[in-house]
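These notes concern the structure reproduced below.
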Amino acid sequence: RGLGDVYKRQVLVGFRPHWMQPANDGQVSAIVADASPVVATTKVSLGDDPNGDEVEIASPGRGHRRGDRLSLRMEQVVLFHPLSGERLG
């Protein structure tokens with residue numbers, strides 16, 4: 001079931017970078033858009049489109065390079081109404 005099935009409408013999904021981690025069993029696919037060996041974050045495009053929406057995730061101790069495909073585990077999300085911005089649940 002998708003989020004739309006649960007709420008019967010569109011929702012906005014919010015998360016903090018440290019709530020998403022690279023993981024072998026992750027639910028979200030992503031492509032590395034930019035990685036820096038200096039900081040413990042990596043910018044990724046969500047899904048299979050390298051030009052898709054970019055987000056920054058926590059990636060301590062990882063040596064990711066641009067174009068690498070990742071699987072991400074979401075530890076937590078916050079849902080919002082798409083028009084009012086009101087937090088759901």
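Following the order of the structure tokens, chains are lettered A, B, ..., residues in each are numbered from 1, and ligands are numbered from 1.
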
| said: Report as a ChimeraX atom specification all protein, DNA and RNA residues lying within 10 Å of A:Gly89, evaluated on only C-alpha atoms, omitting residues in the same chain fewer than 4 positions from it. | reply: /A:78-80

Would you write out those residues with N, CA and C atoms, as an mmCIF file, in the first residue's frame?
```
data_model
loop_
_atom_site.group_PDB
_atom_site.id
_atom_site.type_symbol
_atom_site.label_atom_id
_atom_site.label_comp_id
_atom_site.auth_asym_id
_atom_site.auth_seq_id
_atom_site.Cartn_x
_atom_site.Cartn_y
_atom_site.Cartn_z
ATOM 1 N N VAL A 78 8.073 12.536 8.103
ATOM 2 C CA VAL A 78 6.969 13.345 8.606
ATOM 3 C C VAL A 78 6.080 13.654 7.410
ATOM 4 N N LEU A 79 4.779 13.483 7.560
ATOM 5 C CA LEU A 79 3.832 13.706 6.471
ATOM 6 C C LEU A 79 3.118 15.036 6.654
ATOM 7 N N PHE A 80 2.921 15.751 5.529
ATOM 8 C CA PHE A 80 2.268 17.057 5.548
ATOM 9 C C PHE A 80 1.177 17.113 4.488
#
```

| request: Pick out the residues sitting within 8 Å of A:Phe15, and hand them over as a list of chain:residue names; count only C-alpha atoms, and ignore anything fewer than 3 positions along from it in its own chain. | output: A:Trp19, A:Met20, A:Gln76, A:Val77, A:Val78

| Filtered DSSP result for chain A, state helix (DSSP H, G or I), as a ChimeraX atom specification | /A:3-7,17-19

For A:Val44, work out the shell of residues within 12 Å, counting only C-alpha atoms and skipping chain neighbours fewer than 4 positions away, then give it as a compact mmCIF listing (two decimals) with N, CA and C atoms, in the first residue's frame.
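The resulting file, around-v7.txt, is shown below:
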```
# COMPACT_ATOMS: atom_id res chain seq x y z
N PRO A 17 18.24 14.87 6.75
CA PRO A 17 19.27 14.05 6.10
C PRO A 17 19.71 12.84 6.91
N MET A 20 17.90 9.29 6.59
CA MET A 20 18.09 8.39 5.45
C MET A 20 19.54 7.93 5.45
N GLN A 21 19.71 6.64 5.34
CA GLN A 21 21.05 6.04 5.35
C GLN A 21 21.17 5.04 4.20
N PRO A 22 22.34 4.99 3.56
CA PRO A 22 22.57 3.92 2.58
C PRO A 22 22.46 2.56 3.28
N VAL A 28 14.22 2.89 -0.79
CA VAL A 28 14.26 3.97 -1.76
C VAL A 28 15.53 3.86 -2.61
N SER A 29 15.38 3.92 -3.93
CA SER A 29 16.55 3.91 -4.80
C SER A 29 17.00 5.34 -5.06
N ALA A 30 18.29 5.51 -5.30
CA ALA A 30 18.84 6.84 -5.53
C ALA A 30 20.12 6.73 -6.34
N ILE A 31 20.51 7.84 -6.96
CA ILE A 31 21.75 7.95 -7.71
C ILE A 31 22.56 9.10 -7.12
N VAL A 32 23.82 8.87 -6.85
CA VAL A 32 24.67 9.91 -6.27
C VAL A 32 24.85 11.04 -7.27
N ALA A 33 24.49 12.26 -6.85
CA ALA A 33 24.64 13.45 -7.69
C ALA A 33 25.95 14.17 -7.36
N ASP A 34 26.33 14.15 -6.09
CA ASP A 34 27.54 14.84 -5.65
C ASP A 34 27.96 14.25 -4.32
N ALA A 35 29.24 14.02 -4.16
CA ALA A 35 29.77 13.49 -2.91
C ALA A 35 31.05 14.22 -2.55
N SER A 36 31.21 14.47 -1.27
CA SER A 36 32.40 15.15 -0.80
C SER A 36 33.07 14.29 0.27
N ASP A 48 15.29 6.55 -10.17
CA ASP A 48 16.23 6.11 -11.19
C ASP A 48 16.62 7.20 -12.17
N ASP A 49 16.14 8.43 -11.96
CA ASP A 49 16.43 9.54 -12.85
C ASP A 49 17.56 10.39 -12.26
N PRO A 50 18.73 10.42 -12.91
CA PRO A 50 19.83 11.21 -12.36
C PRO A 50 19.53 12.70 -12.31
N ASN A 51 18.50 13.14 -13.01
CA ASN A 51 18.09 14.55 -12.97
C ASN A 51 16.86 14.78 -12.10
N GLY A 52 16.53 13.80 -11.26
CA GLY A 52 15.35 13.90 -10.40
C GLY A 52 15.58 14.82 -9.21
N ASP A 53 14.62 14.82 -8.31
CA ASP A 53 14.71 15.64 -7.10
C ASP A 53 15.94 15.24 -6.30
N GLU A 54 16.74 16.24 -5.93
CA GLU A 54 17.96 15.97 -5.16
C GLU A 54 17.73 16.26 -3.69
N VAL A 55 18.28 15.39 -2.86
CA VAL A 55 18.25 15.57 -1.41
C VAL A 55 19.63 15.23 -0.87
N GLU A 56 19.90 15.71 0.31
CA GLU A 56 21.17 15.41 0.96
C GLU A 56 20.91 14.37 2.04
N ILE A 57 21.75 13.35 2.08
CA ILE A 57 21.60 12.28 3.07
C ILE A 57 22.88 12.14 3.88
N ALA A 58 22.76 11.52 5.02
CA ALA A 58 23.92 11.23 5.85
C ALA A 58 24.65 10.04 5.24
N SER A 59 25.96 10.12 5.16
CA SER A 59 26.74 8.99 4.64
C SER A 59 28.12 8.96 5.29
N HIS A 64 31.30 7.25 -1.70
CA HIS A 64 30.43 7.26 -2.87
C HIS A 64 30.96 8.22 -3.93
N ARG A 65 30.69 7.87 -5.20
CA ARG A 65 31.09 8.73 -6.31
C ARG A 65 29.87 9.05 -7.16
N ARG A 66 29.95 10.18 -7.85
CA ARG A 66 28.86 10.62 -8.73
C ARG A 66 28.46 9.48 -9.67
N GLY A 67 27.16 9.22 -9.77
CA GLY A 67 26.65 8.16 -10.63
C GLY A 67 26.44 6.83 -9.94
N ASP A 68 27.00 6.64 -8.74
CA ASP A 68 26.77 5.40 -7.99
C ASP A 68 25.29 5.25 -7.69
N ARG A 69 24.80 4.03 -7.80
CA ARG A 69 23.40 3.73 -7.43
C ARG A 69 23.39 3.24 -5.99
N LEU A 70 22.43 3.77 -5.22
CA LEU A 70 22.32 3.42 -3.81
C LEU A 70 20.91 2.94 -3.49
N SER A 71 20.81 2.19 -2.43
CA SER A 71 19.55 1.84 -1.82
C SER A 71 19.54 2.53 -0.46
N LEU A 72 18.45 3.25 -0.15
CA LEU A 72 18.39 4.03 1.08
C LEU A 72 17.30 3.52 2.01
```

| query | Hey, can you check how far atom CA of A:Asp25 sits from atom CA of A:His81? | reply |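 Atom CA of A:His81 lies at a distance of 28.6 Å from atom CA of A:Asp25.
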
| field | Separation of atom CA of A:Val38 from atom CA of A:Arg16, in Å and rounded to one decimal | value |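 Taking atom CA of A:Val38 and atom CA of A:Arg16, their separation equals 19.7 Å.
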
| said: Among chain A, which residues does DSSP mark as strand (DSSP E) when it is run on the backbone? Keep the chain and numbering as in the structure and answer as a PyMOL selection string. | reply: chain A and resi 12-14+20-22+28-35+41-46+54-58+69-74+78-80+87-88

Keeping only C-alpha atoms, write the selected residues as an mmCIF file, in the first residue's frame.
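Listed below is the output, result_30.cif:
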```cif
data_model
loop_
_atom_site.group_PDB
_atom_site.id
_atom_site.type_symbol
_atom_site.label_atom_id
_atom_site.label_comp_id
_atom_site.auth_asym_id
_atom_site.auth_seq_id
_atom_site.Cartn_x
_atom_site.Cartn_y
_atom_site.Cartn_z
ATOM 1 C CA LEU A 12 4.250 15.768 1.170
ATOM 2 C CA VAL A 13 6.978 13.696 2.771
ATOM 3 C CA GLY A 14 9.549 15.478 4.913
ATOM 4 C CA MET A 20 18.094 8.392 5.451
ATOM 5 C CA GLN A 21 21.046 6.044 5.354
ATOM 6 C CA PRO A 22 22.566 3.921 2.578
ATOM 7 C CA VAL A 28 14.261 3.974 -1.760
ATOM 8 C CA SER A 29 16.554 3.905 -4.800
ATOM 9 C CA ALA A 30 18.843 6.844 -5.528
ATOM 10 C CA ILE A 31 21.755 7.946 -7.712
ATOM 11 C CA VAL A 32 24.669 9.907 -6.266
ATOM 12 C CA ALA A 33 24.645 13.449 -7.685
ATOM 13 C CA ASP A 34 27.541 14.837 -5.651
ATOM 14 C CA ALA A 35 29.765 13.486 -2.905
ATOM 15 C CA THR A 41 26.757 13.847 3.612
ATOM 16 C CA THR A 42 26.062 12.899 0.013
ATOM 17 C CA LYS A 43 23.673 14.606 -2.424
ATOM 18 C CA VAL A 44 21.510 12.082 -4.278
ATOM 19 C CA SER A 45 18.747 12.106 -6.889
ATOM 20 C CA LEU A 46 15.811 10.009 -5.709
ATOM 21 C CA GLU A 54 17.958 15.971 -5.158
ATOM 22 C CA VAL A 55 18.252 15.570 -1.414
ATOM 23 C CA GLU A 56 21.170 15.408 0.962
ATOM 24 C CA ILE A 57 21.598 12.278 3.069
ATOM 25 C CA ALA A 58 23.923 11.228 5.846
ATOM 26 C CA ARG A 69 23.402 3.734 -7.429
ATOM 27 C CA LEU A 70 22.320 3.417 -3.812
ATOM 28 C CA SER A 71 19.554 1.837 -1.819
ATOM 29 C CA LEU A 72 18.390 4.035 1.081
ATOM 30 C CA ARG A 73 16.654 3.140 4.317
ATOM 31 C CA MET A 74 14.298 5.769 5.728
ATOM 32 C CA VAL A 78 6.969 13.345 8.606
ATOM 33 C CA LEU A 79 3.832 13.706 6.471
ATOM 34 C CA PHE A 80 2.268 17.057 5.548
ATOM 35 C CA ARG A 87 1.491 18.042 9.704
ATOM 36 C CA LEU A 88 -0.469 14.794 9.409
#
```
